[in-house]
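Participant: Quick one: this structure, given as structure tokens, is what I'll be asking you about.
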Amino acid sequence: MFLKKSASKESKSAIKNIVTLNVYADKSYIFKGNSFQSLNKLSYNTSNFIASYVSNKDIISTTIQLSRSIPQEDIEDILEIKAYEELGLDQASNYMISSIEVENGGEEREYHIFVAEPEVLDELFLPIKQETKYLDLIIPAPLLYKSLYKKEILSDNGTHCFIYFTKNDAFITFYRDGEYLYSKSIDFSLEYMYEKYCEMIGEQVEEKEFFSILESEGLKTTNSDYQQNFMKIFGEIFITINDIIIYAKRAFQLNAIDQMFIGSAQGPIIGLDEYSQNYLGLQSSDLNFNYNVNNDEWYTDQLQYLMLLSSFDYMEDESSIVNLTMFPRAPSFMNRASGQFITATLASITVGLAYPLVYLIGSYANDAKIYALTIQNNELTTETNKYKKMLSAKKQEISVLDQEIAKLSDIYKGKTQTLTSIYDKKVNYRLKSGTFHTIAEELNKFGVHVDMLYSENDTLWLSLVSSDDRKFTELIKYISDTHFDEINQIDIELIQKDQESNYYKGLLKVDLR
């Protein structure tokens, strides 16, 4: 029902048919009149919307966070710069880079970045482009599942894991709450399984026979040789898948995998649900949905259907789909630069015919010169804007780093002061026992005795007793000369003679540094 609704929308436009291509298996289908049928030959037809996909193994992907303060018009350029930096791309190469924003409420905006090498895209799609003249949509294979949520075929609650085997690739993809999360290719493509089986039995079997048994009987085949070797091959496969699931749970903080879907380009493989239960502890379902379209084939590669659904989504909202095409369709004549130039030239000629030939030639020459200068000005303006955006991005990065440096400097200064204070207390702290020992020796040397001693912080008060008041003076002079670098001030505040004992008493104050 959803296909009929989408098709009716497109019937209002120039697009009448949708062609989906699997360049890896050289298969193509056309959706026409609510019928999805195999297409034997490709041709140039502007009423056809042409879509294909690029395998997970042929793309590079990553996730990039950007500050929400960055202006929207600078996002595309900054993402491209970040992609080159974080993925270590060759600066001399011009990669196809596309992105899609992840909806979150965090402090930073998050984007999934997908990168493809032009050489790879040329090798895969250039032969198609020579026949069709354009490709409207080339979507990364892991993003094909997004249409299942948009069309409400799958609920967008929980975490889903998709495993799909094609002839040249096998990849596992995770979606959380209907949004793409992570994908990873593994070595076990259908072609690899065939080669692995031949290696196990030590002889070359017919490829057609191998896939016939895999499609019709799967892991529950009655052929003992096939059954034993299938079990070994898929045992290795599910061990690899289990490692990836463990990584994904840890990396993306997943509590559990709520649903698992397994499929292949050859059709459902019988017996895989038991393997997912034994090796992963998860129940799995076939990746084979009822799409409500007419098709005479017993089974059609599910990626063909997913490309069809993604094409509808793309025609409704181009910004919602990652597109890596290098071969977009040409714009209408009036929207092309050549068309605009021809139209302007014809208009100029028509007006110029009313004037003498000399003015016609001068007007034509001026128009041509203005046109050339306009093109040159547009090119320079584009280049200037590009570098302005790059400089703006770098200035914002520098500003953020300066703020971070200032914070770290304050932290460093505080810790330095703390360590200095601790060091001063541990290293420069003066033990009172040592001070008292020194005082006792010097008092004894001058025949002066202590009647009472009192200390507070770095100040000492000593009540001295001596038979001669000159000994007080000698003691003070000796201490001043000997310990001048250890004291701030020394003073004897009171000297008086005890009339009963004929001894002199004095109160000595010493301020230590």
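Identifiers in the structure tokens: chain A, B, ... in order shown; residue index from 1 per chain; ligand index from 1 in order shown.
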Would you list the contacts of A:Ser67 as a list in words, taking every protein, DNA or RNA residue within 9 Å and counting only C-alpha atoms, but skipping same-chain residues closer than 5 positions in sequence?
Facilitator: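 These residues fall inside the cut-off: Glu107, Glu108, Arg109 and Glu110 of chain A.
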Participant: Generate the output file for the selected residues, C-alpha atoms, as a JSON list (two decimals), in the first residue's frame.
Facilitator:
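Final output, saved to selection22.json:
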```json
[["chain", "number", "residue", "atom", "x", "y", "z"],
["A", 107, "GLU", "CA", 25.96, 19.88, 23.44],
["A", 108, "GLU", "CA", 27.54, 19.11, 20.03],
["A", 109, "ARG", "CA", 26.04, 18.22, 16.65],
["A", 110, "GLU", "CA", 26.91, 14.73, 15.43]]
```
Participant: If you count only C-alpha atoms, which residues fall within 8 Å of stretch 148-154 of chain A, apart from same-chain ones fewer than 3 positions away, as a list in words?
Facilitator: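 Residues meeting the cut-off are Phe2, Tyr145, Gly178, Leu306 and Leu309 of chain A.
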Participant: Store the residues picked out above, limited to C-alpha atoms, as an mmCIF file, in the first residue's frame.
Facilitator:
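The resulting result.cif:
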```cif
data_model
loop_
_atom_site.group_PDB
_atom_site.id
_atom_site.type_symbol
_atom_site.label_atom_id
_atom_site.label_comp_id
_atom_site.auth_asym_id
_atom_site.auth_seq_id
_atom_site.Cartn_x
_atom_site.Cartn_y
_atom_site.Cartn_z
ATOM 1 C CA PHE A 2 2.815 2.439 0.780
ATOM 2 C CA TYR A 145 17.621 -0.220 6.035
ATOM 3 C CA GLY A 178 15.392 3.773 13.864
ATOM 4 C CA LEU A 306 15.393 -1.369 -0.228
ATOM 5 C CA LEU A 309 12.073 2.408 -0.979
#
```
Participant: Could you work out how far atom CA of A:Asp301 lies from atom CA of A:Phe234, giving the answer in Å with one decimal?
Facilitator: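 Atom-to-atom, atom CA of A:Phe234 to atom CA of A:Asp301, that is 20.7 Å.
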Participant: So that I can see what lies close to A:Asp136, please list as a VMD selection string the residues with an atom at most 9 Å from it, counting only C-alpha atoms and leaving out residues fewer than 2 positions away in the same chain.
Facilitator: chain A and resid 49 to 52 134 138 323 325 327 to 329
Participant: Taking 5 positions as the minimum chain separation for residues in the same chain, which residues sit within 10 Å of A:Cys198 when counting only C-alpha atoms? Answer as a ChimeraX atom specification.
Facilitator: /A:192-193,203-207,210,229
Participant: Deliver the residues from the most recent selection as a file, using N, CA and C atoms, as an mmCIF file, in the first residue's frame.
Facilitator:
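result.cif, written as the output of this step:
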```
data_model
loop_
_atom_site.group_PDB
_atom_site.id
_atom_site.type_symbol
_atom_site.label_atom_id
_atom_site.label_comp_id
_atom_site.auth_asym_id
_atom_site.auth_seq_id
_atom_site.Cartn_x
_atom_site.Cartn_y
_atom_site.Cartn_z
ATOM 1 N N TYR A 192 33.101 -15.988 -1.103
ATOM 2 C CA TYR A 192 34.119 -16.502 -0.180
ATOM 3 C C TYR A 192 33.686 -17.849 0.406
ATOM 4 N N MET A 193 32.387 -17.974 0.720
ATOM 5 C CA MET A 193 31.895 -19.254 1.246
ATOM 6 C C MET A 193 32.142 -20.385 0.239
ATOM 7 N N GLU A 203 38.711 -30.039 -3.574
ATOM 8 C CA GLU A 203 38.408 -30.129 -4.996
ATOM 9 C C GLU A 203 37.413 -29.041 -5.376
ATOM 10 N N GLN A 204 37.357 -28.773 -6.674
ATOM 11 C CA GLN A 204 36.482 -27.725 -7.167
ATOM 12 C C GLN A 204 35.119 -28.320 -7.518
ATOM 13 N N VAL A 205 34.062 -27.793 -6.879
ATOM 14 C CA VAL A 205 32.716 -28.240 -7.191
ATOM 15 C C VAL A 205 32.029 -27.182 -8.051
ATOM 16 N N GLU A 206 30.972 -27.587 -8.689
ATOM 17 C CA GLU A 206 30.234 -26.638 -9.514
ATOM 18 C C GLU A 206 29.623 -25.542 -8.645
ATOM 19 N N GLU A 207 29.871 -24.311 -9.016
ATOM 20 C CA GLU A 207 29.339 -23.182 -8.249
ATOM 21 C C GLU A 207 27.808 -23.205 -8.234
ATOM 22 N N PHE A 210 26.661 -25.726 -5.656
ATOM 23 C CA PHE A 210 26.885 -25.234 -4.293
ATOM 24 C C PHE A 210 25.770 -24.290 -3.865
ATOM 25 N N ASN A 229 30.510 -29.277 6.338
ATOM 26 C CA ASN A 229 31.328 -28.118 5.966
ATOM 27 C C ASN A 229 30.552 -26.811 6.097
#
```
Participant: Check stretch 26-194 of chain A with DSSP on the backbone and list each residue it calls helix (DSSP H, G or I), as a PyMOL selection string.
Facilitator: chain A and resi 56-58+72-87+118-132+141-150+190-194
Participant: Can you work out which one of A:Met260, A:Tyr423, A:Pro140, A:Ser311 has the shortest atom-to-atom distance to A:Asn48, counting only C-alpha atoms?
Facilitator: A:Ser311
Participant: Near A:Asn255, within 9 Å and counting only C-alpha atoms, which residues show up once chain neighbours fewer than 3 positions away are dropped, as a compact mmCIF listing (two decimals) with N, CA and C atoms, in the first residue's frame?
Facilitator:
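Generated output (around_15.txt):
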```
# COMPACT_ATOMS: atom_id res chain seq x y z
N THR A 159 17.04 -1.71 19.64
CA THR A 159 18.25 -1.87 18.83
C THR A 159 18.08 -3.09 17.92
N LYS A 249 28.27 -3.34 21.49
CA LYS A 249 27.62 -3.11 22.78
C LYS A 249 28.50 -2.24 23.67
N ARG A 250 29.81 -2.54 23.68
CA ARG A 250 30.71 -1.77 24.53
C ARG A 250 30.91 -0.35 24.00
```
Participant: Go through stretch 208-262 of chain A and flag each residue having an atom no more than 10 Å from stretch 183-190 of chain A; for those, report the closest pair of atoms plus their distance in Å to one decimal, using only C-alpha atoms, ordered by chain and rising number, as a Markdown table.
Facilitator:
```
| residue | atom | partner | partner_atom | distance |
| --- | --- | --- | --- | --- |
| A:Phe211 | CA | A:Leu190 | CA | 8.6 |
| A:Leu214 | CA | A:Leu190 | CA | 9.9 |
| A:Ile233 | CA | A:Phe188 | CA | 8.7 |
| A:Phe234 | CA | A:Phe188 | CA | 8.9 |
| A:Glu236 | CA | A:Phe188 | CA | 9.0 |
| A:Ile237 | CA | A:Phe188 | CA | 6.7 |
| A:Thr240 | CA | A:Ile186 | CA | 7.7 |
| A:Ile241 | CA | A:Ile186 | CA | 8.2 |
| A:Ile244 | CA | A:Lys184 | CA | 7.8 |
| A:Ala248 | CA | A:Ser183 | CA | 9.3 |
```
Participant: Could the residues in this selection be written to a file with all heavy atoms, as a short mmCIF file (atom, residue, chain, number, x, y, z; two decimals), in the first residue's frame?
Facilitator:
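out-v8.cif was written with the following content:
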```
data_model
loop_
_atom_site.label_atom_id
_atom_site.label_comp_id
_atom_site.auth_asym_id
_atom_site.auth_seq_id
_atom_site.Cartn_x
_atom_site.Cartn_y
_atom_site.Cartn_z
N PHE A 211 25.47 -23.30 -4.71
CA PHE A 211 24.47 -22.31 -4.32
C PHE A 211 23.06 -22.89 -4.38
O PHE A 211 22.17 -22.44 -3.64
CB PHE A 211 24.58 -21.07 -5.20
CG PHE A 211 25.77 -20.20 -4.86
CD1 PHE A 211 26.81 -20.03 -5.75
CD2 PHE A 211 25.85 -19.58 -3.62
CE1 PHE A 211 27.90 -19.24 -5.43
CE2 PHE A 211 26.93 -18.78 -3.30
CZ PHE A 211 27.97 -18.62 -4.20
N LEU A 214 22.71 -24.53 -1.02
CA LEU A 214 22.66 -23.50 0.02
C LEU A 214 21.29 -22.81 0.04
O LEU A 214 20.73 -22.53 1.10
CB LEU A 214 23.76 -22.46 -0.21
CG LEU A 214 23.89 -21.36 0.84
CD1 LEU A 214 24.28 -21.94 2.20
CD2 LEU A 214 24.91 -20.31 0.40
N ILE A 233 31.79 -23.61 8.29
CA ILE A 233 31.87 -22.26 7.73
C ILE A 233 31.02 -21.28 8.55
O ILE A 233 31.49 -20.21 8.96
CB ILE A 233 31.41 -22.27 6.26
CG1 ILE A 233 32.41 -23.03 5.40
CG2 ILE A 233 31.25 -20.83 5.74
CD1 ILE A 233 31.95 -23.25 3.96
N PHE A 234 29.78 -21.66 8.83
CA PHE A 234 28.90 -20.74 9.56
C PHE A 234 29.27 -20.66 11.04
O PHE A 234 28.95 -19.67 11.71
CB PHE A 234 27.44 -21.14 9.37
CG PHE A 234 26.88 -20.69 8.06
CD1 PHE A 234 26.87 -21.54 6.96
CD2 PHE A 234 26.39 -19.41 7.90
CE1 PHE A 234 26.37 -21.12 5.74
CE2 PHE A 234 25.89 -18.98 6.68
CZ PHE A 234 25.88 -19.84 5.60
N GLU A 236 32.41 -20.36 11.97
CA GLU A 236 33.39 -19.26 11.92
C GLU A 236 32.69 -17.92 11.74
O GLU A 236 33.07 -16.91 12.34
CB GLU A 236 34.37 -19.50 10.77
CG GLU A 236 35.27 -20.72 10.95
CD GLU A 236 36.25 -20.87 9.79
OE1 GLU A 236 36.59 -19.83 9.18
OE2 GLU A 236 36.66 -22.00 9.49
N ILE A 237 31.66 -17.92 10.89
CA ILE A 237 30.94 -16.66 10.63
C ILE A 237 30.33 -16.11 11.91
O ILE A 237 30.48 -14.93 12.24
CB ILE A 237 29.85 -16.89 9.56
CG1 ILE A 237 30.50 -17.19 8.20
CG2 ILE A 237 28.93 -15.67 9.47
CD1 ILE A 237 29.50 -17.56 7.12
N THR A 240 32.75 -14.63 14.39
CA THR A 240 33.14 -13.27 13.97
C THR A 240 32.04 -12.27 14.29
O THR A 240 32.29 -11.17 14.79
CB THR A 240 33.44 -13.26 12.47
OG1 THR A 240 34.49 -14.19 12.18
CG2 THR A 240 33.87 -11.86 12.02
N ILE A 241 30.79 -12.66 13.99
CA ILE A 241 29.66 -11.76 14.27
C ILE A 241 29.54 -11.50 15.76
O ILE A 241 29.27 -10.37 16.20
CB ILE A 241 28.37 -12.38 13.72
CG1 ILE A 241 28.40 -12.39 12.18
CG2 ILE A 241 27.14 -11.60 14.21
CD1 ILE A 241 27.24 -13.13 11.55
N ILE A 244 31.91 -8.82 16.84
CA ILE A 244 31.45 -7.49 16.43
C ILE A 244 30.33 -7.00 17.33
O ILE A 244 30.28 -5.82 17.72
CB ILE A 244 31.00 -7.52 14.96
CG1 ILE A 244 32.20 -7.85 14.05
CG2 ILE A 244 30.38 -6.19 14.56
CD1 ILE A 244 31.83 -8.04 12.60
N ALA A 248 30.28 -3.64 19.55
CA ALA A 248 29.25 -2.62 19.38
C ALA A 248 28.55 -2.32 20.70
O ALA A 248 28.26 -1.16 21.01
CB ALA A 248 28.24 -3.07 18.33
#
```
Participant: Choose the residue, out of A:Gln259, A:Gln91, A:Gln489, A:Gln499, that has the smallest atom-to-atom separation from A:Arg513; count only C-alpha atoms.
Facilitator: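 With only C-alpha atoms as the atom set, the closest residue is A:Gln489.
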Participant: Among stretch 232-307 of chain A, which residues does DSSP mark as strand (DSSP E) when it is run on the backbone? Keep the chain and numbering as in the structure and answer as number ranges by chain.
Facilitator: A: 259-264, 284-286
Participant: Please provide the set of residues having any atom within 12 Å of A:Ala14, restricted to only C-alpha atoms, with same-chain residues fewer than 6 positions apart removed, written as a list in words.
Facilitator: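 Counting only the stated atoms, we get Asn45, Thr46, Ser47, Asn48, Phe49, Met315 and Ser332 of chain A.
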Participant: Output N, CA, C and O atoms for every residue in the selection just made, as an mmCIF file, in the first residue's frame.
Facilitator:
```cif
data_model
loop_
_atom_site.group_PDB
_atom_site.id
_atom_site.type_symbol
_atom_site.label_atom_id
_atom_site.label_comp_id
_atom_site.auth_asym_id
_atom_site.auth_seq_id
_atom_site.Cartn_x
_atom_site.Cartn_y
_atom_site.Cartn_z
ATOM 1 N N ASN A 45 16.811 7.241 -20.611
ATOM 2 C CA ASN A 45 15.416 7.654 -20.566
ATOM 3 C C ASN A 45 15.248 8.595 -19.387
ATOM 4 O O ASN A 45 15.362 8.192 -18.229
ATOM 5 N N THR A 46 14.988 9.854 -19.662
ATOM 6 C CA THR A 46 14.919 10.866 -18.590
ATOM 7 C C THR A 46 13.727 10.665 -17.660
ATOM 8 O O THR A 46 13.678 11.258 -16.585
ATOM 9 N N SER A 47 12.767 9.824 -18.040
ATOM 10 C CA SER A 47 11.636 9.558 -17.151
ATOM 11 C C SER A 47 11.957 8.476 -16.130
ATOM 12 O O SER A 47 11.138 8.188 -15.260
ATOM 13 N N ASN A 48 13.157 7.872 -16.225
ATOM 14 C CA ASN A 48 13.587 6.852 -15.266
ATOM 15 C C ASN A 48 14.424 7.486 -14.158
ATOM 16 O O ASN A 48 15.379 8.225 -14.451
ATOM 17 N N PHE A 49 14.069 7.195 -12.921
ATOM 18 C CA PHE A 49 14.927 7.538 -11.777
ATOM 19 C C PHE A 49 15.822 6.326 -11.531
ATOM 20 O O PHE A 49 15.339 5.222 -11.291
ATOM 21 N N MET A 315 13.290 11.143 -3.337
ATOM 22 C CA MET A 315 12.502 12.078 -4.149
ATOM 23 C C MET A 315 11.618 12.974 -3.289
ATOM 24 O O MET A 315 11.285 14.087 -3.685
ATOM 25 N N SER A 332 17.894 20.887 -16.734
ATOM 26 C CA SER A 332 17.168 21.274 -17.943
ATOM 27 C C SER A 332 17.960 22.314 -18.725
ATOM 28 O O SER A 332 18.853 22.986 -18.198
#
```
Participant: What does the distance from atom CA of A:Tyr24 to atom CA of A:Leu87 come to in Å, to one decimal?
Facilitator: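 Going from atom CA of A:Tyr24 over to atom CA of A:Leu87 covers 25.9 Å.
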Participant: Need the shell around A:His160: protein/DNA/RNA residues with any atom at most 7 Å away, counting only C-alpha atoms. Skip same-chain ones fewer than 3 positions apart. Format as a PyMOL selection string?
Facilitator: chain A and resi 174-176+257-260
Participant: Counting only C-alpha atoms, figure out which residue out of A:Leu135, A:Tyr305, A:Asn34, A:Arg68 gets nearest to A:Ala330.
Facilitator: A:Leu135
Participant: So how many Å separate atom CA of A:Asp26 and atom CA of A:Ser264, to one decimal?
Facilitator: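 Computing the Euclidean distance for atom CA of A:Asp26 and atom CA of A:Ser264 yields 16.1 Å.
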Participant: When distances are computed from only C-alpha atoms, which of A:Pro331, A:Asp451, A:Tyr164, A:Lys386 shows the smallest separation from A:Ser285?
Facilitator: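 For A:Ser285, the nearest of the given residues is A:Tyr164.
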Participant: Which residue gives the smallest distance to A:Lys477 among A:Asn40, A:Asn457, A:Ile492, A:Glu316, with only C-alpha atoms counted?
Facilitator: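 Answer, going by the shortest atom-to-atom distance: A:Ile492.
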